[in-house]
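Reviewing the structure listed below.
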Amino acid sequence: MRMTGAILVGALLTHVVGQSDRVPLRMVAPTYYRDVLPILQKHCEVCHRSGGIAPFSLASYEMAGRYGDAIRVATQNRSMPPWFAEAGIGRFANDTSLSSEEIATLAAWVEAKTPAGDSHDAPAPRHWAEEWSIPQPEMVVQMTQAVELPADGDVDYTNEIVPTHFAEGRWVQMAEVLPSARANVHHAVVYIRPPNSNWLRHAPVGEAFTAETLKDAEDRRGAHWTDNDILLVYAPGSSPDEWPETMAKFVPAGSDLVFQMHYTTNGKMVADQSRVGLVFAKRPPPQRVLTLQLTNDHFVIPPGADEFRVEARGTLPNDATLLSFFPHMHLRGKRFEYNLVKRGAGAQSREVHNGAAELQIERLLRVNYHFHWQMSYRLAEPRQLKAGTELQAVGWYDNSAKNPHNPDPTAAVRWGEQTYDEMMIGFFDVAVAANLDKSHYFLRH
């Protein structure tokens with residue numbers, strides 16, 4: 001048991017007035033306003049608030065007390081707040097996990113019958129912008145047409161092109177996707193389509209479409225795959241994009257935003273009309289953020305395999321600052337990691353696979369994957385990487401009956417868009433010079 005300052009196992013300790021320091025300390029139970037509310041504000045209110053994605057709010061003493069036992073259990077088993085990065089590999093600025101002291105404070109508060117304490121001890125309330133986690137957006141771009149979703153069955157990837165009508169290029173410092181049918185959105189990718197782009201050039205604007213509804217063969221291929229710039233990626237549990245003043249995403253004048261929506265059904269007929277909120281940089285930044293990806297779409301996961309490994313590698317064509325990661329898999333996803341592949345000394349570990357030459361790798365992130373919480377992981381200290389740096393993404397899959405999410409452990413599984421298929425995508429964000437768009441960044445010199 002470790003004591004830090006005047007805190008031991010989350011409960012404040014005070015000297016008995018007028019007695020010697022050698023007299024044992026008296027334990028004072030944590031109170032809601034003084035000890036518990038700061039923890040809930042910092043780690044929980046982003047979801048557990050009015051308008052948040054959680055099913056109940058923890059923004060008042062009455063609600064926190066009502067769910068006290070649930071709070072104690074969920075924090076002690078570390079299922080809440082959700083955070084799936086393996087400890088000891090990398091440090092992340094958006095780490096939501098609780099410290100041991102914070103977990104003990106919450107447990108001690110529940111054991112003490114959730115005392116309220118003095119309301120004057122409460123920190124200033126956090127102000128949330130309606131339903132948004134980012135500050136109130138300066139602009140909201142909404143899908144023009146709502147998408148009607150059936151109660152059951154598969155829904156093909158649905159796209160919608162929405163003009164921004166930007167008269168000049170805009171630097172986006174913060175962005176957040178807000179679906180109107182959250183329970184049905186497996187993930188969304190919002191792409192930037194600059195003017196005069198040939199991508200989806202015959203597709204309708206302002207109405208929903210799928211690849212199968214398009215007549216042009218090139219458009220149908222484009223609905224399944226593109227290398228256009230990504231504004232942001234959304235999945236349940238993911239963080240909105242919030243970049244420091246020195247960097248932002250860039251949307252050229254006259255661009256469209258293309259919403260690519262992966263919907264699932266859950267027994268109810270609903271409609272979704274997702275929107276994206278934007279906060280603009282006050283001045284052009286010196287660095288532009290690009291979202292890149294490592295992808296492997298050529299794999300077959302055998303029936304019953306509980307530790308099937310898939311990897312993808314690539315080298316950076318130019319210098320970049322590595323900022324964050326966003327792994328993406330489906331129902332059989334088990335673990336995912338990002339590594340730097342090194343050929344010289346200084347690597348943290350070595351691996352040999354399939355009889356190949358020995359690799360020296362430095363692990364940057366390892367995630368114990370959770371299909372229902374697809375999170376982004378933002379480096380606490382961005383990493384400067386030189387041109388030619390080799391990045392590796394590795395995913396492990398559980399296609400056995402031991403996986404409670406597995407829809408069919410007897411089936412061989414390949415790449416596909418539906419959740420009973422699989423994907424292996426390692427998104428990652430980098431900052432580059434402001435004058436480099438994605439196509440120019442990939443010009444190798």
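Identifiers in this document derive from the order of the structure tokens: chains are assigned A, B, ..., residues are numbered from 1 separately in each chain, and ligands are numbered from 1 in order of occurrence.
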Please give the complete set of residues from region 208-411 of chain A that DSSP, run on the backbone, assigns to helix (DSSP H, G or I), formatted as a PyMOL selection string. chain A and resi 211-213+217-224
Keeping C-alpha atoms, export the residues of the selection given above as a tab-separated table (two decimals), in the first residue's frame.
chain	number	residue	atom	x	y	z
A	211	ALA	CA	-21.73	1.14	-54.80
A	212	GLU	CA	-24.43	-1.09	-56.29
A	213	THR	CA	-26.68	1.86	-57.19
A	217	ALA	CA	-17.79	1.01	-63.11
A	218	GLU	CA	-15.07	3.40	-61.92
A	219	ASP	CA	-17.52	5.05	-59.53
A	220	ARG	CA	-18.46	1.62	-58.14
A	221	ARG	CA	-14.79	0.86	-57.49
A	222	GLY	CA	-14.38	4.30	-55.89
A	223	ALA	CA	-17.25	3.62	-53.50
A	224	HIS	CA	-15.25	0.68	-52.10
Quick one: residues within 9 Å of Trp243 (chain A), only C-alpha atoms counted, chain neighbours fewer than 5 positions away excluded, as a compact mmCIF listing (two decimals) with N, CA and C atoms, in the first residue's frame?
# COMPACT_ATOMS: atom_id res chain seq x y z
N VAL A 172 -9.09 23.09 -40.39
CA VAL A 172 -9.97 22.52 -39.38
C VAL A 172 -9.13 22.04 -38.21
N GLN A 173 -9.30 22.71 -37.05
CA GLN A 173 -8.52 22.35 -35.87
C GLN A 173 -9.21 21.30 -35.01
N MET A 174 -10.54 21.30 -35.05
CA MET A 174 -11.30 20.29 -34.31
C MET A 174 -12.45 19.81 -35.19
N ALA A 248 -3.36 21.42 -38.24
CA ALA A 248 -4.79 21.27 -38.52
C ALA A 248 -4.96 20.48 -39.81
N LYS A 249 -6.18 19.98 -40.04
CA LYS A 249 -6.55 19.39 -41.33
C LYS A 249 -6.92 20.54 -42.29
N VAL A 289 -2.13 18.09 -40.95
CA VAL A 289 -2.33 16.73 -40.47
C VAL A 289 -2.91 15.87 -41.59
Could you list, as a PyMOL selection string, every residue within 10 Å of Leu106 (chain A), counting only C-alpha atoms and ignoring same-chain residues fewer than 2 positions away? chain A and resi 9-11+30-32+35-37+39-40+68-69+71-73+75-76+101-104+108-112+114
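Separating CA of Leu294 (chain A) from CA of Phe427 (chain A) is a distance of 6.4 Å.
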Skipping near chain neighbours, those fewer than 2 positions away, what residues fall within 12 Å of region 300-304 of chain A using only C-alpha atoms, listed as a PyMOL selection string? chain A and resi 296-298+306-310+332-333+395-403+406-416+421-424
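When only C-alpha atoms are used to compute distances to Arg34 (chain A), the closest of the residues A:Tyr377, A:Ala70, A:Tyr61, A:Ser119 turns out to be A:Ser119.
Nearest to Asp429 (chain A) of all the residues A:Glu311, A:Glu168, A:Asp241, A:Glu160 is A:Asp241, counting only C-alpha atoms.
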If you run DSSP on the backbone, which residues of region 261-398 of chain A are strand (DSSP E), as a PyMOL selection string? chain A and resi 261-263+270-272+275-280+287-295+300-301+308-315+320-328+333-342+349-351+359-368+377-385+390-397
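Each of A:Asn435, A:Asn184, A:Thr315, A:Thr246 was compared to Leu391 (chain A) using only C-alpha atoms, and A:Thr315 turns out to be the nearest.
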Can you pull out every residue within 10 Å of Thr265 (chain A), counting only C-alpha atoms, but drop anything in the same chain fewer than 4 positions away, and send it as a ChimeraX atom specification? /A:149-155,183-186,269-270
Find the residues near Gln293 (chain A): any atom within 12 Å, counting only C-alpha atoms, skip ones fewer than 6 places away on the same chain, and give them as number ranges by chain. A: 226-230, 233, 312-316, 324-328, 338, 391-393, 424-430, 438
Residues from the last selection, C-alpha atoms, saved as an mmCIF file, in the first residue's frame:
data_model
loop_
_atom_site.group_PDB
_atom_site.id
_atom_site.type_symbol
_atom_site.label_atom_id
_atom_site.label_comp_id
_atom_site.auth_asym_id
_atom_site.auth_seq_id
_atom_site.Cartn_x
_atom_site.Cartn_y
_atom_site.Cartn_z
ATOM 1 C CA THR A 226 -10.133 5.613 -52.286
ATOM 2 C CA ASP A 227 -6.891 7.326 -51.355
ATOM 3 C CA ASN A 228 -8.525 10.745 -50.903
ATOM 4 C CA ASP A 229 -7.741 12.799 -47.817
ATOM 5 C CA ILE A 230 -9.649 11.825 -44.686
ATOM 6 C CA VAL A 233 -12.790 8.579 -38.694
ATOM 7 C CA ALA A 312 0.905 -4.809 -42.934
ATOM 8 C CA ARG A 313 4.029 -2.716 -43.446
ATOM 9 C CA GLY A 314 5.011 0.466 -45.191
ATOM 10 C CA THR A 315 7.750 3.096 -45.287
ATOM 11 C CA LEU A 316 7.244 6.828 -44.937
ATOM 12 C CA SER A 324 -1.881 9.114 -33.103
ATOM 13 C CA PHE A 325 -3.300 5.676 -33.965
ATOM 14 C CA PHE A 326 -6.737 4.269 -34.735
ATOM 15 C CA PRO A 327 -6.877 0.463 -35.208
ATOM 16 C CA HIS A 328 -9.887 -1.015 -36.986
ATOM 17 C CA TYR A 338 1.830 -0.658 -34.145
ATOM 18 C CA LEU A 391 6.011 1.112 -39.829
ATOM 19 C CA GLN A 392 4.327 -2.185 -39.086
ATOM 20 C CA ALA A 393 0.760 -2.922 -38.024
ATOM 21 C CA MET A 424 -7.366 -5.038 -40.889
ATOM 22 C CA ILE A 425 -6.702 -1.284 -41.036
ATOM 23 C CA GLY A 426 -4.168 0.601 -38.972
ATOM 24 C CA PHE A 427 -5.065 4.271 -39.359
ATOM 25 C CA PHE A 428 -2.480 6.730 -38.070
ATOM 26 C CA ASP A 429 -2.135 10.526 -38.106
ATOM 27 C CA VAL A 430 0.992 12.430 -39.048
ATOM 28 C CA LYS A 438 -1.553 13.650 -49.407
#
